[in-house]
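Peer 1: One structure is given below, represented as structure tokens, and several questions about it will come after.
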Amino acid sequence: QVHLVESGGGLVQAGGSLRLSCAASGITFSIAAVGWFRQAPGKERDFVAVITRSAGSTYYADFVKGRFTISRDNAKNTVYLQMNSLKPEDTAVYYCAATGSGYSGLSFYTNDARYNSWGQGTQVTVSS
């Protein structure tokens with residue numbers, strides 16, 4: 001079992017920055033990758049970014065490329081999502097998720113069904 005806890009959400013003005021953290025506990029050595037997803041009210045959950053645990057390979061949704069950066073600190077079992085140049089449309093609940101499955105193509109991690117551990121989410125609100 002892997003337990004994930006997100007933190008770092010809040011209210012920020014458009015153009016501002018936030019850094020989200022996802023702290024993992026439990027059987028953390030089983031984690032192959034950690035992804036970030038988001039869900040706005042009345043919308044489906046969208047993939048944001050993913051990072052693999054061993055190589056640190058990353059993959060981003062097109063709508064965050066150049067603005068968001070995912071990183072990891074394996075010693076702390078923590079994954080970060082640095083969000084810059086935030087827009088009102090980035091407003092959502094952000095979730096981190098972990099999977100023990102490895103895939104040859106990073107795009108496979110965009111499917112939320114491939115993750116088996118989820119955090120409780122953290123609210124990000126961007127005002128205009």
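Letters A, B, ... mark the chains of the structure tokens in the order given; residue numbers begin at 1 per chain; ligand numbers begin at 1, in order shown.
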Enumerate the residues of range 67-119 of chain A with a DSSP assignment of helix (DSSP H, G or I), computed from the backbone, and present them as an mmCIF file with all heavy atoms, in the first residue's frame.

Peer 2:
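After the write, out10.cif holds the following:
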```cif
data_model
loop_
_atom_site.group_PDB
_atom_site.id
_atom_site.type_symbol
_atom_site.label_atom_id
_atom_site.label_comp_id
_atom_site.auth_asym_id
_atom_site.auth_seq_id
_atom_site.Cartn_x
_atom_site.Cartn_y
_atom_site.Cartn_z
ATOM 1 N N ASN A 74 13.687 11.574 -4.353
ATOM 2 C CA ASN A 74 13.474 10.187 -3.925
ATOM 3 C C ASN A 74 13.851 9.973 -2.465
ATOM 4 O O ASN A 74 13.263 9.132 -1.787
ATOM 5 C CB ASN A 74 14.251 9.227 -4.824
ATOM 6 C CG ASN A 74 13.625 9.082 -6.198
ATOM 7 O OD1 ASN A 74 12.471 9.446 -6.409
ATOM 8 N ND2 ASN A 74 14.381 8.553 -7.149
ATOM 9 N N ALA A 75 14.818 10.728 -1.982
ATOM 10 C CA ALA A 75 15.228 10.586 -0.579
ATOM 11 C C ALA A 75 14.099 10.981 0.365
ATOM 12 O O ALA A 75 13.980 10.440 1.469
ATOM 13 C CB ALA A 75 16.468 11.422 -0.301
ATOM 14 N N LYS A 76 13.270 11.925 -0.091
ATOM 15 C CA LYS A 76 12.149 12.385 0.730
ATOM 16 C C LYS A 76 10.837 11.738 0.298
ATOM 17 O O LYS A 76 9.783 12.052 0.861
ATOM 18 C CB LYS A 76 12.018 13.907 0.635
ATOM 19 C CG LYS A 76 13.201 14.669 1.215
ATOM 20 C CD LYS A 76 12.968 16.168 1.137
ATOM 21 C CE LYS A 76 14.138 16.925 1.762
ATOM 22 N NZ LYS A 76 13.941 18.407 1.681
ATOM 23 N N PRO A 88 -6.556 31.557 -14.823
ATOM 24 C CA PRO A 88 -7.819 31.183 -14.172
ATOM 25 C C PRO A 88 -8.292 29.788 -14.573
ATOM 26 O O PRO A 88 -8.887 29.076 -13.749
ATOM 27 C CB PRO A 88 -8.776 32.266 -14.652
ATOM 28 C CG PRO A 88 -7.903 33.464 -14.869
ATOM 29 C CD PRO A 88 -6.623 32.899 -15.417
ATOM 30 N N GLU A 89 -8.011 29.381 -15.791
ATOM 31 C CA GLU A 89 -8.439 28.046 -16.241
ATOM 32 C C GLU A 89 -7.642 26.919 -15.605
ATOM 33 O O GLU A 89 -7.966 25.743 -15.798
ATOM 34 C CB GLU A 89 -8.382 27.937 -17.770
ATOM 35 C CG GLU A 89 -7.071 28.355 -18.385
ATOM 36 C CD GLU A 89 -7.097 29.794 -18.885
ATOM 37 O OE1 GLU A 89 -7.623 30.678 -18.156
ATOM 38 O OE2 GLU A 89 -6.562 30.027 -19.991
ATOM 39 N N ASP A 90 -6.600 27.242 -14.851
ATOM 40 C CA ASP A 90 -5.863 26.225 -14.087
ATOM 41 C C ASP A 90 -6.561 25.896 -12.769
ATOM 42 O O ASP A 90 -6.126 24.980 -12.058
ATOM 43 C CB ASP A 90 -4.433 26.697 -13.794
ATOM 44 C CG ASP A 90 -3.587 26.815 -15.049
ATOM 45 O OD1 ASP A 90 -3.683 25.940 -15.924
ATOM 46 O OD2 ASP A 90 -2.818 27.799 -15.136
ATOM 47 N N LEU A 106 5.971 7.049 -22.251
ATOM 48 C CA LEU A 106 5.461 7.896 -21.178
ATOM 49 C C LEU A 106 4.011 8.297 -21.382
ATOM 50 O O LEU A 106 3.305 8.600 -20.420
ATOM 51 C CB LEU A 106 6.336 9.136 -21.035
ATOM 52 C CG LEU A 106 7.749 8.877 -20.511
ATOM 53 C CD1 LEU A 106 8.564 10.174 -20.540
ATOM 54 C CD2 LEU A 106 7.712 8.328 -19.100
ATOM 55 N N SER A 107 3.554 8.308 -22.611
ATOM 56 C CA SER A 107 2.172 8.700 -22.866
ATOM 57 C C SER A 107 1.182 7.725 -22.231
ATOM 58 O O SER A 107 0.025 8.086 -21.994
ATOM 59 C CB SER A 107 1.920 8.810 -24.366
ATOM 60 O OG SER A 107 2.102 7.550 -24.996
ATOM 61 N N PHE A 108 1.638 6.503 -21.923
ATOM 62 C CA PHE A 108 0.756 5.556 -21.264
ATOM 63 C C PHE A 108 0.329 6.065 -19.895
ATOM 64 O O PHE A 108 -0.725 5.685 -19.379
ATOM 65 C CB PHE A 108 1.448 4.198 -21.116
ATOM 66 C CG PHE A 108 1.465 3.382 -22.369
ATOM 67 C CD1 PHE A 108 2.529 3.474 -23.253
ATOM 68 C CD2 PHE A 108 0.432 2.537 -22.674
ATOM 69 C CE1 PHE A 108 2.553 2.732 -24.419
ATOM 70 C CE2 PHE A 108 0.441 1.783 -23.839
ATOM 71 C CZ PHE A 108 1.509 1.874 -24.717
ATOM 72 N N TYR A 109 1.117 6.903 -19.293
ATOM 73 C CA TYR A 109 0.813 7.390 -17.954
ATOM 74 C C TYR A 109 -0.257 8.474 -17.939
ATOM 75 O O TYR A 109 -0.636 8.945 -16.876
ATOM 76 C CB TYR A 109 2.087 7.925 -17.299
ATOM 77 C CG TYR A 109 3.093 6.859 -16.956
ATOM 78 C CD1 TYR A 109 4.280 6.748 -17.676
ATOM 79 C CD2 TYR A 109 2.882 5.973 -15.905
ATOM 80 C CE1 TYR A 109 5.220 5.789 -17.357
ATOM 81 C CE2 TYR A 109 3.818 5.005 -15.585
ATOM 82 C CZ TYR A 109 4.982 4.913 -16.311
ATOM 83 O OH TYR A 109 5.920 3.961 -15.996
ATOM 84 N N THR A 110 -0.732 8.885 -19.093
ATOM 85 C CA THR A 110 -1.773 9.898 -19.118
ATOM 86 C C THR A 110 -3.147 9.326 -18.766
ATOM 87 O O THR A 110 -4.080 10.076 -18.512
ATOM 88 C CB THR A 110 -1.851 10.575 -20.495
ATOM 89 O OG1 THR A 110 -2.207 9.587 -21.472
ATOM 90 C CG2 THR A 110 -0.521 11.199 -20.885
ATOM 91 N N ASP A 112 -5.616 7.736 -16.331
ATOM 92 C CA ASP A 112 -5.711 7.659 -14.866
ATOM 93 C C ASP A 112 -6.035 6.242 -14.376
ATOM 94 O O ASP A 112 -5.814 5.931 -13.207
ATOM 95 C CB ASP A 112 -6.702 8.669 -14.311
ATOM 96 C CG ASP A 112 -8.115 8.502 -14.838
ATOM 97 O OD1 ASP A 112 -8.369 7.545 -15.615
ATOM 98 O OD2 ASP A 112 -8.974 9.326 -14.498
ATOM 99 N N ALA A 113 -6.528 5.389 -15.261
ATOM 100 C CA ALA A 113 -6.831 4.007 -14.873
ATOM 101 C C ALA A 113 -5.567 3.207 -14.588
ATOM 102 O O ALA A 113 -5.628 2.124 -13.999
ATOM 103 C CB ALA A 113 -7.644 3.324 -15.959
ATOM 104 N N ARG A 114 -4.421 3.724 -14.978
ATOM 105 C CA ARG A 114 -3.161 3.006 -14.780
ATOM 106 C C ARG A 114 -2.540 3.301 -13.418
ATOM 107 O O ARG A 114 -1.467 2.790 -13.115
ATOM 108 C CB ARG A 114 -2.191 3.349 -15.903
ATOM 109 C CG ARG A 114 -2.712 2.847 -17.262
ATOM 110 C CD ARG A 114 -1.649 2.764 -18.310
ATOM 111 N NE ARG A 114 -2.091 1.912 -19.418
ATOM 112 C CZ ARG A 114 -2.481 2.381 -20.590
ATOM 113 N NH1 ARG A 114 -2.473 3.668 -20.832
ATOM 114 N NH2 ARG A 114 -2.865 1.551 -21.534
#
```

Peer 1: Env of Asp46 in chain A: 9 Å cut, atoms = only C-alpha atoms, seq-sep filter 2 positions within chain, self excluded. Answer as an MDAnalysis selection string.

Peer 2: chainID A and resid 36:40 43:44 48 61 110:112

Peer 1: If we count only C-alpha atoms, what is near range 11-24 of chain A at a cut-off of 10 Å, once residues fewer than 2 positions away on the same chain are taken out, given as an MDAnalysis selection string?

Peer 2: chainID A and resid 2:9 26:28 31 34:36 67:74 76:91 94:98 117 119 121:128

Peer 1: Which residues in chain A does DSSP call strand (DSSP E or B)? List them as a PDB file with C-alpha atoms, in the first residue's frame.

Peer 2:
```pdb
ATOM      1  CA  VAL A   2       1.114   3.504  -0.868  1.00  0.00           C
ATOM      2  CA  HIS A   3      -0.332   6.521   0.894  1.00  0.00           C
ATOM      3  CA  LEU A   4      -0.137   9.922  -0.844  1.00  0.00           C
ATOM      4  CA  VAL A   5      -0.694  13.353   0.664  1.00  0.00           C
ATOM      5  CA  GLU A   6      -0.802  16.529  -1.427  1.00  0.00           C
ATOM      6  CA  SER A   7      -0.109  20.003  -0.104  1.00  0.00           C
ATOM      7  CA  GLY A  10      -4.233  27.828  -2.380  1.00  0.00           C
ATOM      8  CA  LEU A  11      -5.494  31.053  -3.904  1.00  0.00           C
ATOM      9  CA  VAL A  12      -3.227  32.956  -6.269  1.00  0.00           C
ATOM     10  CA  GLN A  13      -3.657  35.736  -8.789  1.00  0.00           C
ATOM     11  CA  LEU A  18       2.430  27.769  -6.614  1.00  0.00           C
ATOM     12  CA  ARG A  19       4.380  24.634  -5.780  1.00  0.00           C
ATOM     13  CA  LEU A  20       2.446  21.502  -4.982  1.00  0.00           C
ATOM     14  CA  SER A  21       3.975  18.628  -3.057  1.00  0.00           C
ATOM     15  CA  CYS A  22       3.022  14.963  -3.030  1.00  0.00           C
ATOM     16  CA  ALA A  23       4.481  13.024  -0.116  1.00  0.00           C
ATOM     17  CA  ALA A  24       4.424   9.238  -0.328  1.00  0.00           C
ATOM     18  CA  SER A  25       4.566   6.746   2.496  1.00  0.00           C
ATOM     19  CA  GLY A  26       4.158   3.002   2.803  1.00  0.00           C
ATOM     20  CA  ALA A  33       5.885   6.712 -11.524  1.00  0.00           C
ATOM     21  CA  VAL A  34       3.910   9.551  -9.969  1.00  0.00           C
ATOM     22  CA  GLY A  35       1.495  11.642 -11.928  1.00  0.00           C
ATOM     23  CA  TRP A  36      -0.462  14.819 -11.334  1.00  0.00           C
ATOM     24  CA  PHE A  37      -4.054  15.154 -12.472  1.00  0.00           C
ATOM     25  CA  ARG A  38      -6.604  17.898 -12.025  1.00  0.00           C
ATOM     26  CA  GLN A  39     -10.362  18.161 -12.000  1.00  0.00           C
ATOM     27  CA  ASP A  46      -7.315  15.616 -16.778  1.00  0.00           C
ATOM     28  CA  PHE A  47      -3.723  14.452 -16.870  1.00  0.00           C
ATOM     29  CA  VAL A  48      -1.197  17.192 -16.048  1.00  0.00           C
ATOM     30  CA  ALA A  49       2.274  15.652 -15.736  1.00  0.00           C
ATOM     31  CA  VAL A  50       4.141  12.492 -14.785  1.00  0.00           C
ATOM     32  CA  ILE A  51       7.632  11.627 -13.593  1.00  0.00           C
ATOM     33  CA  THR A  52       9.227   8.199 -13.391  1.00  0.00           C
ATOM     34  CA  THR A  58       8.897  13.512 -17.485  1.00  0.00           C
ATOM     35  CA  TYR A  59       5.875  14.011 -19.690  1.00  0.00           C
ATOM     36  CA  TYR A  60       3.439  16.928 -19.736  1.00  0.00           C
ATOM     37  CA  PHE A  68       4.629  23.653 -15.051  1.00  0.00           C
ATOM     38  CA  THR A  69       7.603  21.560 -13.977  1.00  0.00           C
ATOM     39  CA  ILE A  70       7.414  18.195 -12.247  1.00  0.00           C
ATOM     40  CA  SER A  71      10.341  17.000 -10.152  1.00  0.00           C
ATOM     41  CA  ARG A  72      11.106  14.428  -7.502  1.00  0.00           C
ATOM     42  CA  ASP A  73      13.194  13.939  -4.396  1.00  0.00           C
ATOM     43  CA  THR A  78       8.189  13.500  -2.519  1.00  0.00           C
ATOM     44  CA  VAL A  79       7.153  14.716  -5.952  1.00  0.00           C
ATOM     45  CA  TYR A  80       6.678  18.393  -6.705  1.00  0.00           C
ATOM     46  CA  LEU A  81       4.689  20.326  -9.266  1.00  0.00           C
ATOM     47  CA  GLN A  82       5.987  23.854  -9.780  1.00  0.00           C
ATOM     48  CA  MET A  83       3.280  25.896 -11.440  1.00  0.00           C
ATOM     49  CA  ALA A  92      -9.079  22.812 -10.115  1.00  0.00           C
ATOM     50  CA  VAL A  93      -8.491  20.215  -7.480  1.00  0.00           C
ATOM     51  CA  TYR A  94      -5.057  18.741  -8.117  1.00  0.00           C
ATOM     52  CA  TYR A  95      -4.415  15.093  -7.320  1.00  0.00           C
ATOM     53  CA  CYS A  96      -1.232  13.090  -7.300  1.00  0.00           C
ATOM     54  CA  ALA A  97      -1.308   9.402  -8.096  1.00  0.00           C
ATOM     55  CA  ALA A  98       1.187   6.574  -8.053  1.00  0.00           C
ATOM     56  CA  THR A  99       1.579   3.437 -10.098  1.00  0.00           C
ATOM     57  CA  SER A 117      -2.923   4.997  -5.358  1.00  0.00           C
ATOM     58  CA  TRP A 118      -4.403   8.486  -5.122  1.00  0.00           C
ATOM     59  CA  THR A 122      -5.481  19.992  -3.010  1.00  0.00           C
ATOM     60  CA  GLN A 123      -7.478  22.970  -4.263  1.00  0.00           C
ATOM     61  CA  VAL A 124      -5.807  25.489  -6.562  1.00  0.00           C
ATOM     62  CA  THR A 125      -7.751  28.657  -7.308  1.00  0.00           C
ATOM     63  CA  VAL A 126      -6.445  31.270  -9.719  1.00  0.00           C
ATOM     64  CA  SER A 127      -8.211  34.613  -9.687  1.00  0.00           C
TER      65      SER A 127
END
```

Peer 1: Can you measure CA of Ser30 in chain A to CA of Asn116 in chain A for me? One decimal in Å is fine.

Peer 2: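 Value for the CA of Ser30 in chain A-CA of Asn116 in chain A distance: 11.3 Å.
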
Peer 1: What does the structure give for the distance between CA of Ser54 in chain A and CA of Gly66 in chain A, in Å to one decimal?

Peer 2: 23.1 Å
